[in-house]
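What follows is the content of start-v6.csv (CSV, C-alpha atoms).
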chain,number,residue,atom,x,y,z
A,1,MET,CA,-52.7,-68.8,-30.2
A,2,LEU,CA,-49.3,-67.2,-31.1
A,3,GLN,CA,-51.2,-63.9,-31.8
A,4,GLY,CA,-52.7,-64.1,-28.3
A,5,LYS,CA,-49.3,-64.7,-26.7
A,6,TRP,CA,-47.8,-61.8,-28.7
A,7,PHE,CA,-50.6,-59.5,-27.7
A,8,SER,CA,-50.3,-60.6,-24.0
A,9,ALA,CA,-46.5,-59.9,-24.1
A,10,LEU,CA,-47.0,-56.6,-25.8
A,11,PHE,CA,-49.7,-55.6,-23.3
A,12,GLY,CA,-47.4,-56.5,-20.4
A,13,ILE,CA,-44.6,-54.4,-21.8
A,14,VAL,CA,-46.9,-51.4,-22.3
A,15,ILE,CA,-48.3,-51.7,-18.7
A,16,GLY,CA,-44.8,-52.0,-17.4
A,17,ILE,CA,-43.8,-48.8,-19.2
A,18,VAL,CA,-46.9,-47.0,-17.9
A,19,LEU,CA,-46.3,-48.1,-14.4
A,20,GLY,CA,-42.7,-47.3,-14.6
A,21,THR,CA,-43.4,-43.8,-15.9
A,22,ALA,CA,-46.1,-43.2,-13.3
A,23,GLY,CA,-43.9,-44.5,-10.5
A,24,GLY,CA,-40.7,-43.0,-11.7
A,25,GLY,CA,-41.2,-39.7,-9.9
A,26,GLN,CA,-42.2,-41.4,-6.7
A,27,ALA,CA,-39.2,-43.7,-6.9
A,28,LEU,CA,-36.9,-40.8,-7.4
A,29,ALA,CA,-38.5,-38.9,-4.6
A,30,GLN,CA,-37.9,-41.9,-2.3
A,31,GLY,CA,-34.1,-41.7,-3.0
A,32,THR,CA,-33.9,-38.8,-0.5
A,33,ILE,CA,-36.3,-37.4,2.1
A,34,LYS,CA,-37.2,-34.1,0.5
A,35,VAL,CA,-38.1,-31.1,2.7
A,36,ALA,CA,-39.6,-28.1,0.8
A,37,TYR,CA,-38.5,-24.9,2.4
A,38,THR,CA,-40.4,-21.7,1.6
A,39,ASP,CA,-39.4,-18.3,3.0
A,40,PRO,CA,-38.5,-14.9,1.5
A,41,LEU,CA,-35.4,-15.3,-0.6
A,42,SER,CA,-35.9,-12.0,-2.4
A,43,GLY,CA,-37.3,-8.6,-1.4
A,44,PRO,CA,-36.8,-6.7,1.8
A,45,PHE,CA,-36.7,-9.8,4.1
A,46,ALA,CA,-34.4,-11.8,1.8
A,47,GLN,CA,-31.5,-11.6,4.3
A,48,VAL,CA,-33.6,-13.6,6.8
A,49,GLY,CA,-34.5,-16.3,4.4
A,50,ASP,CA,-31.0,-16.6,3.0
A,51,ALA,CA,-29.5,-16.9,6.5
A,52,ASN,CA,-32.1,-19.6,7.4
A,53,LEU,CA,-31.3,-21.5,4.2
A,54,LYS,CA,-27.5,-21.5,4.9
A,55,GLN,CA,-28.0,-22.7,8.4
A,56,MET,CA,-30.5,-25.4,7.4
A,57,GLN,CA,-28.1,-26.8,4.8
A,58,TYR,CA,-25.3,-26.8,7.3
A,59,ILE,CA,-27.5,-28.8,9.7
A,60,ILE,CA,-28.7,-31.2,7.1
A,61,ASP,CA,-25.2,-32.0,6.0
A,62,TYR,CA,-24.5,-32.8,9.7
A,63,ILE,CA,-27.6,-35.0,10.0
A,64,ASN,CA,-26.9,-36.8,6.8
A,65,ALA,CA,-23.3,-37.5,7.9
A,66,LYS,CA,-24.9,-39.1,11.0
A,67,GLY,CA,-26.9,-41.5,8.8
A,68,GLY,CA,-29.9,-39.5,7.9
A,69,ALA,CA,-33.1,-41.5,8.5
A,70,LEU,CA,-33.9,-45.1,7.4
A,71,GLY,CA,-30.6,-45.0,5.4
A,72,LYS,CA,-31.9,-42.0,3.4
A,73,LYS,CA,-30.5,-38.5,3.3
A,74,PHE,CA,-32.5,-35.4,3.8
A,75,GLU,CA,-32.6,-33.0,0.9
A,76,LEU,CA,-33.7,-29.3,1.2
A,77,VAL,CA,-35.7,-27.9,-1.7
A,78,PRO,CA,-36.0,-24.1,-1.5
A,79,PHE,CA,-38.9,-22.0,-2.8
A,80,ASP,CA,-39.0,-18.2,-2.7
A,81,ASN,CA,-42.3,-17.0,-1.3
A,82,LYS,CA,-41.4,-13.3,-1.5
A,83,SER,CA,-43.2,-12.9,1.9
A,84,GLN,CA,-46.5,-13.5,0.2
A,85,PRO,CA,-49.0,-16.2,1.3
A,86,SER,CA,-50.0,-16.8,-2.4
A,87,ASP,CA,-46.4,-17.7,-3.3
A,88,ALA,CA,-46.1,-20.0,-0.3
A,89,LEU,CA,-49.2,-21.8,-1.5
A,90,ILE,CA,-47.6,-22.2,-4.9
A,91,ALA,CA,-44.6,-23.8,-3.1
A,92,LEU,CA,-47.0,-26.1,-1.3
A,93,LYS,CA,-48.5,-27.2,-4.6
A,94,SER,CA,-45.1,-27.9,-6.1
A,95,ALA,CA,-44.1,-29.9,-3.0
A,96,THR,CA,-47.3,-32.0,-3.1
A,97,ASP,CA,-47.0,-32.5,-6.8
A,98,GLN,CA,-43.6,-34.1,-6.1
A,99,SER,CA,-44.9,-36.1,-3.2
A,100,MET,CA,-42.6,-34.4,-0.7
A,101,PRO,CA,-43.5,-35.5,2.9
A,102,PHE,CA,-42.5,-32.1,4.5
A,103,ILE,CA,-42.8,-28.4,3.9
A,104,MET,CA,-41.0,-26.0,6.2
A,105,GLN,CA,-41.6,-22.3,6.7
A,106,CYS,CA,-40.2,-19.8,9.3
A,107,SER,CA,-41.0,-16.2,8.6
A,108,GLY,CA,-44.5,-14.7,8.7
A,109,SER,CA,-47.5,-15.9,10.7
A,110,ASN,CA,-49.9,-14.7,8.0
A,111,ILE,CA,-48.1,-17.1,5.7
A,112,ALA,CA,-48.2,-19.9,8.3
A,113,ALA,CA,-52.0,-19.5,8.7
A,114,ALA,CA,-52.4,-19.8,4.9
A,115,LEU,CA,-50.1,-22.9,4.9
A,116,ILE,CA,-52.0,-24.6,7.7
A,117,ASP,CA,-55.3,-24.1,5.8
A,118,GLY,CA,-53.7,-25.2,2.5
A,119,VAL,CA,-52.1,-28.3,4.1
A,120,ASN,CA,-55.4,-29.3,5.9
A,121,LYS,CA,-57.4,-29.0,2.6
A,122,HIS,CA,-54.8,-30.9,0.6
A,123,ASN,CA,-54.5,-33.7,3.1
A,124,ASP,CA,-58.3,-34.1,3.4
A,125,ARG,CA,-58.5,-34.4,-0.4
A,126,ASN,CA,-55.4,-36.6,-0.9
A,127,PRO,CA,-55.1,-39.2,1.9
A,128,ASP,CA,-52.5,-41.1,-0.1
A,129,ASN,CA,-50.3,-38.0,-0.7
A,130,ARG,CA,-50.3,-36.1,2.6
A,131,ILE,CA,-47.7,-33.6,3.8
A,132,ILE,CA,-46.5,-32.3,7.2
A,133,TYR,CA,-46.0,-28.6,7.8
A,134,LEU,CA,-42.9,-27.9,9.9
A,135,ASN,CA,-43.1,-24.4,11.4
A,136,CYS,CA,-39.6,-23.2,12.3
A,137,GLY,CA,-40.5,-19.6,13.4
A,138,ALA,CA,-44.0,-18.4,12.6
A,139,VAL,CA,-45.1,-17.8,16.2
A,140,ALA,CA,-48.5,-16.1,16.5
A,141,THR,CA,-50.0,-17.8,19.5
A,142,GLU,CA,-53.3,-18.8,17.8
A,143,LEU,CA,-51.5,-21.1,15.3
A,144,THR,CA,-51.3,-23.8,18.0
A,145,ASN,CA,-54.5,-22.8,19.7
A,146,GLU,CA,-57.6,-21.8,17.7
A,147,GLN,CA,-55.9,-22.7,14.4
A,148,CYS,CA,-54.1,-25.8,15.5
A,149,SER,CA,-53.8,-28.7,13.1
A,150,PHE,CA,-52.7,-32.3,13.3
A,151,TRP,CA,-50.4,-31.7,10.2
A,152,HIS,CA,-48.7,-28.6,11.8
A,153,PHE,CA,-45.8,-28.9,14.2
A,154,ARG,CA,-44.2,-25.7,15.6
A,155,PHE,CA,-40.6,-25.9,16.6
A,156,ASP,CA,-40.3,-22.4,18.3
A,157,LEU,CA,-42.0,-21.0,21.3
A,158,HIS,CA,-45.2,-19.1,20.5
A,159,VAL,CA,-45.6,-15.4,21.2
A,160,GLY,CA,-47.3,-15.9,24.5
A,161,MET,CA,-44.4,-17.8,25.8
A,162,LYS,CA,-41.8,-15.4,24.5
A,163,ALA,CA,-43.8,-12.4,25.8
A,164,GLU,CA,-43.8,-13.9,29.3
A,165,VAL,CA,-40.1,-14.4,29.1
A,166,MET,CA,-39.6,-10.8,27.9
A,167,VAL,CA,-41.8,-9.3,30.6
A,168,ARG,CA,-40.0,-11.3,33.3
A,169,ALA,CA,-36.7,-9.9,32.0
A,170,LEU,CA,-37.7,-6.3,32.6
A,171,PRO,CA,-35.8,-4.9,35.6
A,172,LYS,CA,-37.7,-3.3,38.5
A,173,ASP,CA,-36.5,0.2,37.6
A,174,VAL,CA,-38.3,0.1,34.3
A,175,THR,CA,-41.8,1.6,34.8
A,176,LYS,CA,-42.6,3.1,31.4
A,177,VAL,CA,-42.5,1.2,28.1
A,178,TYR,CA,-43.2,1.8,24.5
A,179,LEU,CA,-44.5,-0.9,22.1
A,180,ILE,CA,-43.9,-1.0,18.4
A,181,ASN,CA,-44.9,-4.0,16.3
A,182,GLN,CA,-45.7,-5.0,12.7
A,183,ASP,CA,-49.3,-4.7,11.6
A,184,TYR,CA,-50.2,-8.3,10.7
A,185,LEU,CA,-51.1,-11.5,12.5
A,186,PHE,CA,-47.7,-11.9,14.3
A,187,GLY,CA,-47.2,-8.3,15.3
A,188,GLN,CA,-50.8,-8.1,16.6
A,189,SER,CA,-50.2,-11.2,18.6
A,190,VAL,CA,-47.1,-9.7,20.2
A,191,GLN,CA,-49.0,-6.5,21.0
A,192,ARG,CA,-51.8,-8.4,22.7
A,193,GLU,CA,-49.6,-10.9,24.6
A,194,VAL,CA,-47.1,-8.4,25.9
A,195,LYS,CA,-49.9,-6.2,27.3
A,196,THR,CA,-51.4,-9.3,28.8
A,197,TYR,CA,-48.2,-10.3,30.7
A,198,LEU,CA,-47.4,-6.7,31.6
A,199,THR,CA,-50.8,-6.5,33.3
A,200,LYS,CA,-50.4,-9.9,34.9
A,201,LEU,CA,-46.8,-9.7,36.0
A,202,ARG,CA,-45.9,-6.0,36.1
A,203,PRO,CA,-48.9,-3.9,36.8
A,204,ASP,CA,-46.6,-1.1,38.0
A,205,ILE,CA,-45.5,-0.6,34.4
A,206,GLN,CA,-47.2,2.1,32.2
A,207,VAL,CA,-47.5,1.6,28.5
A,208,VAL,CA,-46.8,5.2,27.2
A,209,GLY,CA,-47.0,4.3,23.5
A,210,ASP,CA,-48.3,1.5,21.4
A,211,GLU,CA,-48.0,1.4,17.6
A,212,LEU,CA,-48.5,-1.0,14.7
A,213,ILE,CA,-46.4,-0.3,11.6
A,214,PRO,CA,-46.9,-1.6,8.0
A,215,LEU,CA,-44.8,-4.7,7.4
A,216,GLY,CA,-41.5,-3.9,5.6
A,217,LYS,CA,-42.6,-0.4,4.5
A,218,ILE,CA,-40.8,2.0,6.9
A,219,LYS,CA,-37.4,3.1,5.7
A,220,ASP,CA,-36.8,5.9,8.2
A,221,PHE,CA,-37.8,5.3,11.9
A,222,SER,CA,-36.5,8.7,13.2
A,223,PRO,CA,-40.0,10.2,13.5
A,224,TYR,CA,-41.0,7.2,15.7
A,225,LEU,CA,-37.9,7.8,17.8
A,226,THR,CA,-38.9,11.4,18.3
A,227,LYS,CA,-42.3,10.2,19.7
A,228,ILE,CA,-40.7,7.6,21.8
A,229,LYS,CA,-38.2,10.0,23.4
A,230,ALA,CA,-41.0,12.5,24.1
A,231,SER,CA,-43.1,9.8,25.8
A,232,GLY,CA,-40.5,9.3,28.6
A,233,ALA,CA,-40.3,5.6,27.9
A,234,GLN,CA,-37.4,3.8,29.5
A,235,ALA,CA,-37.7,0.7,27.3
A,236,LEU,CA,-38.9,-0.1,23.8
A,237,LEU,CA,-40.5,-3.6,23.5
A,238,THR,CA,-40.8,-5.0,19.9
A,239,GLY,CA,-41.4,-8.2,18.1
A,240,ASN,CA,-40.2,-6.6,14.8
A,241,TRP,CA,-37.9,-8.7,12.6
A,242,GLY,CA,-35.8,-8.2,9.5
A,243,PRO,CA,-35.3,-4.6,8.4
A,244,ASP,CA,-38.2,-3.4,10.6
A,245,MET,CA,-36.2,-4.4,13.6
A,246,ASN,CA,-32.7,-3.5,12.4
A,247,LEU,CA,-33.7,0.0,11.2
A,248,LEU,CA,-35.8,0.7,14.3
A,249,ILE,CA,-32.9,0.1,16.7
A,250,LYS,CA,-30.3,1.7,14.5
A,251,ALA,CA,-32.4,4.8,14.5
A,252,GLY,CA,-32.7,4.8,18.2
A,253,VAL,CA,-28.9,4.3,18.7
A,254,ASP,CA,-28.1,7.0,16.1
A,255,ALA,CA,-30.5,9.4,17.9
A,256,GLY,CA,-28.8,8.8,21.2
A,257,ALA,CA,-32.1,7.8,22.8
A,258,ASP,CA,-31.8,6.8,26.4
A,259,LEU,CA,-33.6,3.5,25.9
A,260,ARG,CA,-33.2,-0.2,26.6
A,261,TYR,CA,-34.5,-2.4,23.8
A,262,TYR,CA,-36.3,-5.7,24.5
A,263,THR,CA,-36.7,-7.7,21.3
A,264,PHE,CA,-37.5,-11.1,19.9
A,265,TYR,CA,-35.2,-11.0,17.0
A,266,ALA,CA,-32.2,-8.5,17.4
A,267,HIS,CA,-29.9,-11.5,17.4
A,268,LEU,CA,-30.7,-12.6,13.9
A,269,ALA,CA,-28.6,-11.9,10.8
A,270,GLY,CA,-28.1,-8.2,10.2
A,271,GLY,CA,-29.3,-7.2,13.7
A,272,PRO,CA,-25.9,-6.8,15.5
A,273,THR,CA,-24.4,-4.9,12.5
A,274,ALA,CA,-27.4,-2.5,12.5
A,275,ILE,CA,-27.2,-2.0,16.3
A,276,GLY,CA,-23.4,-1.4,16.4
A,277,VAL,CA,-21.3,-0.4,19.4
A,278,GLY,CA,-23.9,2.1,20.5
A,279,GLY,CA,-26.1,-0.7,21.6
A,280,ASP,CA,-23.6,-1.9,24.2
A,281,ASN,CA,-25.5,-3.3,27.2
A,282,ARG,CA,-28.8,-1.8,26.0
A,283,VAL,CA,-30.3,-4.4,23.7
A,284,LEU,CA,-31.8,-7.7,24.9
A,285,ALA,CA,-33.1,-10.5,22.8
A,286,VAL,CA,-35.4,-13.4,23.8
A,287,MET,CA,-33.7,-16.2,21.9
A,288,PRO,CA,-33.5,-20.0,21.5
A,289,PHE,CA,-29.7,-19.9,21.3
A,290,GLY,CA,-26.8,-17.6,21.3
A,291,GLU,CA,-23.2,-18.5,20.4
A,292,ASN,CA,-21.9,-17.8,23.9
A,293,VAL,CA,-24.4,-20.2,25.5
A,294,ALA,CA,-22.4,-23.3,24.7
A,295,PRO,CA,-19.1,-22.1,26.2
A,296,GLU,CA,-21.0,-20.6,29.2
A,297,ILE,CA,-22.4,-24.1,30.0
A,298,GLY,CA,-19.3,-25.9,29.0
A,299,ASN,CA,-20.7,-27.8,26.0
A,300,LYS,CA,-17.7,-28.3,23.7
A,301,GLU,CA,-19.6,-30.2,21.0
A,302,ALA,CA,-22.2,-27.4,20.7
A,303,GLU,CA,-19.5,-24.8,20.7
A,304,GLU,CA,-17.6,-26.5,17.9
A,305,PHE,CA,-20.8,-27.0,15.9
A,306,ALA,CA,-21.6,-23.3,16.0
A,307,LYS,CA,-18.0,-22.3,15.4
A,308,GLY,CA,-17.9,-24.5,12.3
A,309,PHE,CA,-20.8,-22.6,10.8
A,310,ARG,CA,-19.2,-19.2,11.6
A,311,ASP,CA,-15.9,-20.2,10.1
A,312,LYS,CA,-17.7,-21.3,6.9
A,313,HIS,CA,-20.1,-18.4,6.5
A,314,LYS,CA,-18.7,-15.5,8.5
A,315,PHE,CA,-21.9,-14.8,10.3
A,316,ASP,CA,-23.4,-16.1,13.5
A,317,PHE,CA,-25.1,-19.5,14.0
A,318,SER,CA,-28.4,-18.7,15.6
A,319,ALA,CA,-30.5,-21.7,14.5
A,320,ALA,CA,-30.1,-24.3,17.2
A,321,GLY,CA,-33.8,-24.8,16.9
A,322,PHE,CA,-33.4,-25.9,13.2
A,323,ARG,CA,-31.0,-28.6,14.3
A,324,THR,CA,-33.6,-29.7,16.8
A,325,ILE,CA,-36.2,-29.9,14.0
A,326,PHE,CA,-34.0,-32.3,11.9
A,327,GLU,CA,-33.2,-34.4,15.0
A,328,TYR,CA,-36.9,-34.7,15.6
A,329,LEU,CA,-37.5,-35.7,11.9
A,330,GLN,CA,-34.6,-38.2,12.1
A,331,ALA,CA,-36.1,-39.8,15.3
A,332,ALA,CA,-39.7,-39.7,14.1
A,333,VAL,CA,-38.9,-41.2,10.6
A,334,ASN,CA,-36.8,-44.0,12.3
A,335,LYS,CA,-39.5,-44.6,14.9
A,336,ALA,CA,-42.3,-44.8,12.2
A,337,GLY,CA,-40.1,-47.0,10.0
A,338,SER,CA,-41.6,-45.1,7.1
A,339,VAL,CA,-41.6,-41.9,5.1
A,340,ASP,CA,-45.4,-41.9,5.2
A,341,PRO,CA,-46.4,-38.5,6.6
A,342,THR,CA,-49.3,-39.8,8.7
A,343,LYS,CA,-47.0,-42.4,10.4
A,344,ILE,CA,-44.3,-39.8,11.0
A,345,ALA,CA,-46.8,-37.3,12.4
A,346,LEU,CA,-48.1,-39.9,14.9
A,347,ALA,CA,-44.5,-40.8,15.8
A,348,MET,CA,-43.6,-37.2,16.5
A,349,GLU,CA,-46.4,-36.6,19.0
A,350,ASP,CA,-45.1,-36.5,22.6
A,351,LEU,CA,-41.6,-37.3,21.2
A,352,GLN,CA,-38.9,-36.2,23.5
A,353,VAL,CA,-35.4,-35.3,22.2
A,354,LYS,CA,-32.4,-33.8,23.9
A,355,ASP,CA,-31.2,-30.8,21.9
A,356,PHE,CA,-27.6,-30.2,21.0
A,357,LEU,CA,-27.1,-28.2,24.2
A,358,GLY,CA,-28.2,-31.2,26.2
A,359,PHE,CA,-31.6,-29.8,27.3
A,360,ASP,CA,-34.8,-31.8,27.3
A,361,THR,CA,-37.4,-30.9,24.7
A,362,LYS,CA,-40.8,-32.3,24.0
A,363,MET,CA,-43.3,-32.1,21.1
A,364,ARG,CA,-46.6,-31.7,22.9
A,365,LYS,CA,-49.3,-34.0,21.5
A,366,ALA,CA,-52.2,-31.8,22.4
A,367,ASP,CA,-51.3,-28.9,20.1
A,368,HIS,CA,-48.0,-29.9,18.4
A,369,GLN,CA,-46.1,-27.1,20.1
A,370,ILE,CA,-42.5,-27.7,21.1
A,371,ILE,CA,-41.7,-27.2,24.7
A,372,THR,CA,-38.0,-26.2,25.0
A,373,GLU,CA,-35.6,-24.0,26.9
A,374,TYR,CA,-35.1,-20.3,26.0
A,375,PHE,CA,-32.6,-17.6,26.8
A,376,VAL,CA,-32.4,-13.9,27.3
A,377,GLY,CA,-29.2,-12.5,25.7
A,378,THR,CA,-27.7,-9.1,26.4
A,379,PHE,CA,-25.7,-7.4,23.6
A,380,LYS,CA,-22.4,-6.4,25.2
A,381,LYS,CA,-18.6,-6.3,25.1
A,382,GLY,CA,-16.4,-8.9,26.8
A,383,VAL,CA,-17.9,-12.1,25.5
A,384,LYS,CA,-16.0,-15.0,23.9
A,385,TYR,CA,-17.8,-14.8,20.5
A,386,ASP,CA,-18.7,-11.4,19.1
A,387,ALA,CA,-21.5,-11.0,16.6
A,388,GLU,CA,-20.9,-10.1,12.9
A,389,GLY,CA,-17.5,-8.6,13.7
A,390,THR,CA,-18.9,-5.8,15.9
A,391,GLY,CA,-16.8,-6.5,18.9
A,392,LEU,CA,-20.0,-7.1,20.9
A,393,GLY,CA,-21.9,-10.4,21.4
A,394,TRP,CA,-24.8,-12.0,23.2
A,395,ALA,CA,-24.1,-12.8,26.8
A,396,THR,CA,-26.7,-15.0,28.5
A,397,SER,CA,-28.5,-13.0,31.2
A,398,ALA,CA,-31.2,-15.6,31.8
A,399,THR,CA,-31.9,-19.3,31.1
A,400,ILE,CA,-35.5,-20.5,31.2
A,401,LEU,CA,-36.0,-24.2,31.2
A,402,ALA,CA,-38.7,-25.9,29.2
A,403,LYS,CA,-40.9,-26.6,32.3
A,404,ASP,CA,-40.9,-22.9,33.1
A,405,VAL,CA,-42.0,-21.7,29.6
A,406,ASP,CA,-44.9,-24.2,29.3
A,407,GLN,CA,-48.4,-22.6,29.0
A,408,PRO,CA,-51.8,-24.2,28.7
A,409,ASN,CA,-53.4,-24.4,25.2
A,410,THR,CA,-56.9,-24.2,23.8
A,411,CYS,CA,-56.3,-26.5,20.8
A,412,LYS,CA,-59.2,-28.7,19.8
A,413,MET,CA,-57.4,-30.8,17.2
A,414,LYS,CA,-59.2,-32.7,14.4
A,415,ARG,CA,-57.3,-35.9,14.0
A,416,PRO,CA,-57.3,-37.8,10.6
A,417,SER,CA,-59.5,-40.8,10.4
A,418,ALA,CA,-56.6,-43.0,9.3
A,419,SER,CA,-55.0,-42.5,12.8
For the structure just supplied, provide its representation as structure tokens.
Amino acid sequence: MLQGKWFSALFGIVIGIVLGTAGGGQALAQGTIKVAYTDPLSGPFAQVGDANLKQMQYIIDYINAKGGALGKKFELVPFDNKSQPSDALIALKSATDQSMPFIMQCSGSNIAAALIDGVNKHNDRNPDNRIIYLNCGAVATELTNEQCSFWHFRFDLHVGMKAEVMVRALPKDVTKVYLINQDYLFGQSVQREVKTYLTKLRPDIQVVGDELIPLGKIKDFSPYLTKIKASGAQALLTGNWGPDMNLLIKAGVDAGADLRYYTFYAHLAGGPTAIGVGGDNRVLAVMPFGENVAPEIGNKEAEEFAKGFRDKHKFDFSAAGFRTIFEYLQAAVNKAGSVDPTKIALAMEDLQVKDFLGFDTKMRKADHQIITEYFVGTFKKGVKYDAEGTGLGWATSATILAKDVDQPNTCKMKRPSAS
């Protein structure tokens, strides 16, 4: 009898140790709400990933100071994907091994496509350890159309929306344009959508050049500028980002090309420095935020928030959309009353949040595409906040409300059986 009691007690202790060991990682993971972040933190596009990381951490510190979600703080866990889908999938595996509820990625629609597929497969196989993919900037249109996923939420406008904004911003005196884009999923999407909206909205415009360039490989764009100048183009339209954008416009300004530049990403870190004073009143960016938007609309809180980042990091705060992401997460986690990814995903559908500028935004249930305002900024002198110490900054030349950027979708979403 004593032997039986001793054995039972010992067995209980062993089981307790085993369960404690097995649950220890999960218990630790529940101390904070971890968000895996994977983007290029090394290589030619490292400046983009590093700028994103600094802005996200600034935002998370603010959200955590406001109470986080369910009394828990958000924690950002960075992974360098070196601009490679394979490395992003390694980051995904690390995140799921640690039972993180979220993985976030911004740069590279080819990487986004791989993550959507990887997250779908993981969640199908592991219904008790699902993960949500938060897309903060991979914007190929098809990602929320043909490739849409219940587990994927995009917090930036897709290429089709941005292309429409860009084409509508072209002045009537521009009748000849040249297109240069990066030769991968995103750049091909830009090429296609810009042509579509030129045909639809500006049939008077002639495309006098159209090129796709290898991603991150071109160091000298002067031969391209020679062709652009010879074409008679009045405007260069590009979705290029990182060094492919910065070096392209720098080459044009240095060559004295009589061009206007219409871009998606000239406002991001490194862009203003590369453009320099030669770009005065000649470069436009389709953007989710510019530092002069807040003072222009009289929003003191947003202005102070952006200024606080600039004072700390000495470069511009451009990531208003990142703050919107974490405000959505905060609202969805609190609404779900849980850190369970399925419950959070359901809570995020059709959620409406006012962003920090005071504009209405909505996460559309049909395709998990955010619908939000957008701006067209012109790089020029005479603004309140200059960019990167250049003496020039982004003046808002157009504001497009959420209702005016909305476009139909073709998503046929497969929803999880648990929902």
Might you pull out every residue within 9 Å of Glu301 in chain A, with only C-alpha atoms counted and same-chain residues fewer than 3 positions away left off, and present them as a list in words?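 Residues meeting the cut-off are Ala294, Glu304, Phe305, Ala306, Phe356 and Leu357 of chain A.
Nearest residue to Asp117 in chain A, choosing from A:Met100, A:Ala88, A:Ala163, A:Leu215 and counting only C-alpha atoms: A:Ala88.
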Got a sec: who's within 9 Å of range 399-401 of chain A, counting all atoms listed in the file, leaving out chain neighbours fewer than 2 positions off, as a list of chain:residue names? A:Val165, A:Phe359, A:Asp360, A:Thr372, A:Glu373, A:Tyr374, A:Phe375, A:Val376, A:Thr396, A:Ser397, A:Lys403, A:Asp404, A:Val405
Per-residue nearest contacts of range 42-85 of chain A to range 232-249 of chain A (12 Å; all atoms listed in the file) as JSON lines:
{"residue": "A:Gly43", "atom": "CA", "partner": "A:Pro243", "partner_atom": "CA", "distance": 10.8}
{"residue": "A:Pro44", "atom": "CA", "partner": "A:Pro243", "partner_atom": "CA", "distance": 7.1}
{"residue": "A:Phe45", "atom": "CA", "partner": "A:Gly242", "partner_atom": "CA", "distance": 5.7}
{"residue": "A:Ala46", "atom": "CA", "partner": "A:Gly242", "partner_atom": "CA", "distance": 8.6}
{"residue": "A:Gln47", "atom": "CA", "partner": "A:Gly242", "partner_atom": "CA", "distance": 7.6}
{"residue": "A:Val48", "atom": "CA", "partner": "A:Gly242", "partner_atom": "CA", "distance": 6.4}
{"residue": "A:Gly49", "atom": "CA", "partner": "A:Gly242", "partner_atom": "CA", "distance": 9.7}
{"residue": "A:Asp50", "atom": "CA", "partner": "A:Gly242", "partner_atom": "CA", "distance": 11.7}
{"residue": "A:Ala51", "atom": "CA", "partner": "A:Gly242", "partner_atom": "CA", "distance": 11.2}
{"residue": "A:Ser83", "atom": "CA", "partner": "A:Gly242", "partner_atom": "CA", "distance": 11.6}
Of the residues A:Asp128, A:Glu296, A:Glu327, A:Glu303, which is the one nearest to Val383 in chain A, using only C-alpha atoms? A:Glu296
So that I can check the surroundings of Met56 in chain A, please list as a PyMOL selection string every protein, DNA and RNA residue that reaches within 9 Å of it, counting all atoms listed in the file and ignoring chain neighbours fewer than 5 positions away. chain A and resi 51+61+76+319+322-323+326
Could you please fill out range 297-307 of chain A with N, CA and C atoms and send it back as a PDB file, in the coordinates of the input?
ATOM      1  N   ILE A 297     -21.997 -22.846  29.323  1.00  0.00           N
ATOM      2  CA  ILE A 297     -22.400 -24.100  30.000  1.00  0.00           C
ATOM      3  C   ILE A 297     -21.434 -25.196  29.884  1.00  0.00           C
ATOM      4  N   GLY A 298     -20.318 -24.940  29.164  1.00  0.00           N
ATOM      5  CA  GLY A 298     -19.300 -25.900  29.000  1.00  0.00           C
ATOM      6  C   GLY A 298     -19.566 -27.043  28.052  1.00  0.00           C
ATOM      7  N   ASN A 299     -20.403 -26.788  27.036  1.00  0.00           N
ATOM      8  CA  ASN A 299     -20.700 -27.800  26.000  1.00  0.00           C
ATOM      9  C   ASN A 299     -19.809 -27.620  24.830  1.00  0.00           C
ATOM     10  N   LYS A 300     -18.730 -28.407  24.797  1.00  0.00           N
ATOM     11  CA  LYS A 300     -17.700 -28.300  23.700  1.00  0.00           C
ATOM     12  C   LYS A 300     -18.260 -28.648  22.375  1.00  0.00           C
ATOM     13  N   GLU A 301     -19.088 -29.710  22.318  1.00  0.00           N
ATOM     14  CA  GLU A 301     -19.600 -30.200  21.000  1.00  0.00           C
ATOM     15  C   GLU A 301     -20.465 -29.095  20.382  1.00  0.00           C
ATOM     16  N   ALA A 302     -21.360 -28.496  21.179  1.00  0.00           N
ATOM     17  CA  ALA A 302     -22.200 -27.400  20.700  1.00  0.00           C
ATOM     18  C   ALA A 302     -21.419 -26.225  20.240  1.00  0.00           C
ATOM     19  N   GLU A 303     -20.401 -25.902  21.024  1.00  0.00           N
ATOM     20  CA  GLU A 303     -19.500 -24.800  20.700  1.00  0.00           C
ATOM     21  C   GLU A 303     -18.836 -24.979  19.360  1.00  0.00           C
ATOM     22  N   GLU A 304     -18.288 -26.167  19.156  1.00  0.00           N
ATOM     23  CA  GLU A 304     -17.600 -26.500  17.900  1.00  0.00           C
ATOM     24  C   GLU A 304     -18.537 -26.482  16.719  1.00  0.00           C
ATOM     25  N   PHE A 305     -19.759 -26.969  16.946  1.00  0.00           N
ATOM     26  CA  PHE A 305     -20.800 -27.000  15.900  1.00  0.00           C
ATOM     27  C   PHE A 305     -21.075 -25.574  15.409  1.00  0.00           C
ATOM     28  N   ALA A 306     -21.334 -24.679  16.368  1.00  0.00           N
ATOM     29  CA  ALA A 306     -21.600 -23.300  16.000  1.00  0.00           C
ATOM     30  C   ALA A 306     -20.436 -22.598  15.398  1.00  0.00           C
ATOM     31  N   LYS A 307     -19.248 -22.864  15.928  1.00  0.00           N
ATOM     32  CA  LYS A 307     -18.000 -22.300  15.400  1.00  0.00           C
ATOM     33  C   LYS A 307     -17.759 -22.727  13.971  1.00  0.00           C
TER      34      LYS A 307
END
